[in-house]
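Here the structure is laid out as structure tokens; the discussion comes afterwards.
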Amino acid sequence: MTNTAISPSAVTTAFAPLIEVTEVCKDFGTNRALHNVDLSVAQGEIVVLLGLSGSGKSTLLRHLDGLETPTAGSISVLGRTLTGSSPKELRALRGRIGMIFQQFELVGPLTVLENVLTGALSRLRGPRLGLWAYPKSLRVTALGHLDRVGLLHKAYERADQLSGGQQQRVAIARALMQDPEILLADEPVASLDPESSAQVMALIREIAADRGLTVVCSLHQVELALDWGDRVVGLRAGEVVLDTPTAELSREGAMAIYRQVAAETGEHDLLARSGMW
Ligand SMILES: Nc1ncnc2c1ncn2[C@@H]1O[C@H](COP(=O)(O)OP(=O)(O)OP(=O)(O)O)[C@@H](O)[C@H]1O
């Protein structure tokens, strides 16, 4: 009889979290940006980091991308421990993680297609100047990603001629050039109007579902977080104050947590201004 039993170690590997943050602290001088942060994210999960300005969302995302080193604690991403990895290992790991930003970070005077192609630079040797410096196969892939985000017709326009929502969709296509396993998004819709925000967030979710992507995304807006994420992680002054599946979290529940935070700290005005209140 064939032994089809799965060993306990295989089970552990199959369900091991893709991201594991353990007791991470980050100090910038005397300013503690992250304090004893624990976070575990499973493959395919869509996690929203929610919190006031300065609560540590960007700092945490930058740690997940290996751009910051924790003062204490450990971070493991895609089965690799970041703390202690060599620069070469970190570069290789970062090639498997896509990142998008509030300000899109496109090169304005370049065409949309060239901007998308720059997403493949980590896999190429040496700099590339102009479209024709990229192999045809990559140009075809880039056009495919532009089609996926609905912007094939804009491929040869200057990136800075596009609307904010379109530019963020170009940034998503650029991230897809890395064929990422994880997508990190740092307030991707903070600069966009509500309609473009909804489109961009829906697109990220669809692409994540298509590709089995794991997503960690910082947001300011409670409503959007509840509609969009599988799970909400709330940060305040660098500490995790909430970690709950969105299915178990009502708007009032989320607000109650922020009210408690506000009551403790007198941050009502800040909450109101940030749209959380
Ligand atoms: N490079 C840095 N040097 C010094 N302090 C920093 C640095 N990066 C972040 N900080 C500080 O760390 C804290 C957390 O900042 P962070 O940008 O992570 O917050 P955030 O929640 O992303 O805010 P926002 O929503 O405004 O982007 C803040 O006090 C910030 O001033």
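Following the order of the structure tokens, chains are lettered A, B, ..., residues in each are numbered from 1, and ligands are numbered from 1.
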Inset, instruction - List all protein, DNA and RNA residues that have any atom at most 7 Å from ligand 1, counting only C-alpha atoms and all ligand atoms, and write the list as a list in words. - result: Phe28, Asn31, Arg32, Ala33, Gly51, Leu52, Ser53, Gly54, Ser55, Gly56, Lys57, Ser58, Thr59, Leu60, His220 and Gly238 of chain A
Inset, instruction - Using DSSP on the backbone coordinates, identify all residues within stretch 36-217 of chain A classified as alpha helix (DSSP H); present the result as number ranges by chain. - result: A: 57-64, 87-94, 112-117, 136-148, 164-176, 194-211
Legend entry - Residue with smallest distance to A:Ala202 - pool A:Glu252, A:Ser218, A:Asp227, A:Val41, counting only C-alpha atoms: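 Checking each candidate against A:Ala202, we get A:Asp227 as the closest.
For the pair atom CA of A:Ala254 and atom CA of A:Leu64, the interatomic distance is 24.8 Å.
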Inset, instruction - Kindly indicate which residue among A:Leu235, A:Met177, A:Val222, A:Ile172 lies nearest to A:Leu203, using only C-alpha atoms for the distances. - result: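 Going through A:Leu235, A:Met177, A:Val222, A:Ile172 one by one, the smallest distance to A:Leu203 is for A:Ile172.
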Which polymer residues have any atom within 7 Å of an atom of A:Pro17, counting only C-alpha atoms, with same-chain residues fewer than 4 positions away left out, as a compact mmCIF listing (two decimals) with N, CA and C atoms, in the first residue's frame?
```
# COMPACT_ATOMS: atom_id res chain seq x y z
N SER A 40 1.12 38.36 11.38
CA SER A 40 1.29 37.15 10.60
C SER A 40 0.30 37.20 9.46
N VAL A 41 0.78 37.05 8.23
CA VAL A 41 -0.11 37.15 7.06
C VAL A 41 0.01 35.87 6.24
N ALA A 42 -1.14 35.25 5.97
CA ALA A 42 -1.15 33.99 5.21
C ALA A 42 -1.16 34.28 3.71
N GLN A 43 -0.77 33.28 2.95
CA GLN A 43 -0.76 33.40 1.50
C GLN A 43 -2.17 33.73 0.98
```
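Excluding A:Leu129 and any residue on its chain fewer than 3 positions from it, the residues at most 12 Å away by only C-alpha atoms are A:Leu110, A:Thr111, A:Glu114, A:Asn115, A:Leu117, A:Thr118, A:Leu121, A:Gly126, A:Trp132, A:Ala133, A:Tyr134.
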Inset, instruction - Enter the distance from atom CA of A:Leu113 to atom CA of A:Met99, in Å, rounded to one decimal. - result: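 Taking atom CA of A:Leu113 and atom CA of A:Met99, their separation equals 17.8 Å.
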Legend entry - Shortest interatomic distance to A:Gly229 - which of A:Glu187, A:Val149, A:Val48, A:Ser86, counting only C-alpha atoms: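 So, comparing all the options, the nearest one is A:Val48.
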Legend entry - Nearest residue to A:Gln221 from the set A:Leu78, A:Arg251, A:Asp38, A:Arg205 (distances using only C-alpha atoms): A:Arg251
Legend entry - atom CA of A:Thr30 to atom CA of A:Thr83, distance in Å rounded to a single decimal: 21.4 Å
Inset, instruction - Could you tell me which of A:Leu162, A:Leu242, A:Val170, A:Ile75 comes closest to A:Ile204 if we count only C-alpha atoms? - result: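 Checking each of A:Leu162, A:Leu242, A:Val170, A:Ile75 against A:Ile204, counting only C-alpha atoms, the winner is A:Val170.
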Which stretch 97-119 of chain A residues have any atom within 6 Å of an atom of stretch 178-182 of chain A, and for each, what is the nearest pair of atoms with distance in Å to one decimal, counting only C-alpha atoms, rows sorted by chain and number, as JSON lines?
```
{"residue": "A:Ile97", "atom": "CA", "partner": "A:Ile182", "partner_atom": "CA", "distance": 4.9}
{"residue": "A:Gly98", "atom": "CA", "partner": "A:Pro180", "partner_atom": "CA", "distance": 5.5}
{"residue": "A:Gly119", "atom": "CA", "partner": "A:Gln178", "partner_atom": "CA", "distance": 5.8}
```
Legend entry - Contacts of A:Thr22 within 8 Å, only C-alpha atoms, excl. fewer than 4 positions in-chain, as number ranges by chain: A: 36-39, 73-75
Inset, instruction - From the DSSP assignment of the backbone, select every residue of stretch 17-236 of chain A that is strand (DSSP E), and format the answer as a PyMOL selection string. - result: chain A and resi 19-28+31-41+46-51+72-77+80-81+97-101+182-186+214-219+231-236
Inset, instruction - May I have the residues within 10 Å of A:Asp230 as number ranges by chain, using only C-alpha atoms and disregarding those fewer than 4 positions away in the same chain? - result: A: 44-48, 215, 225-226, 244-248
Legend entry - Nearest residue to A:Val77 from the set A:Ala171, A:Pro135, A:Thr214, A:Phe104 (distances using only C-alpha atoms):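 The answer is A:Thr214, which sits nearest to A:Val77.
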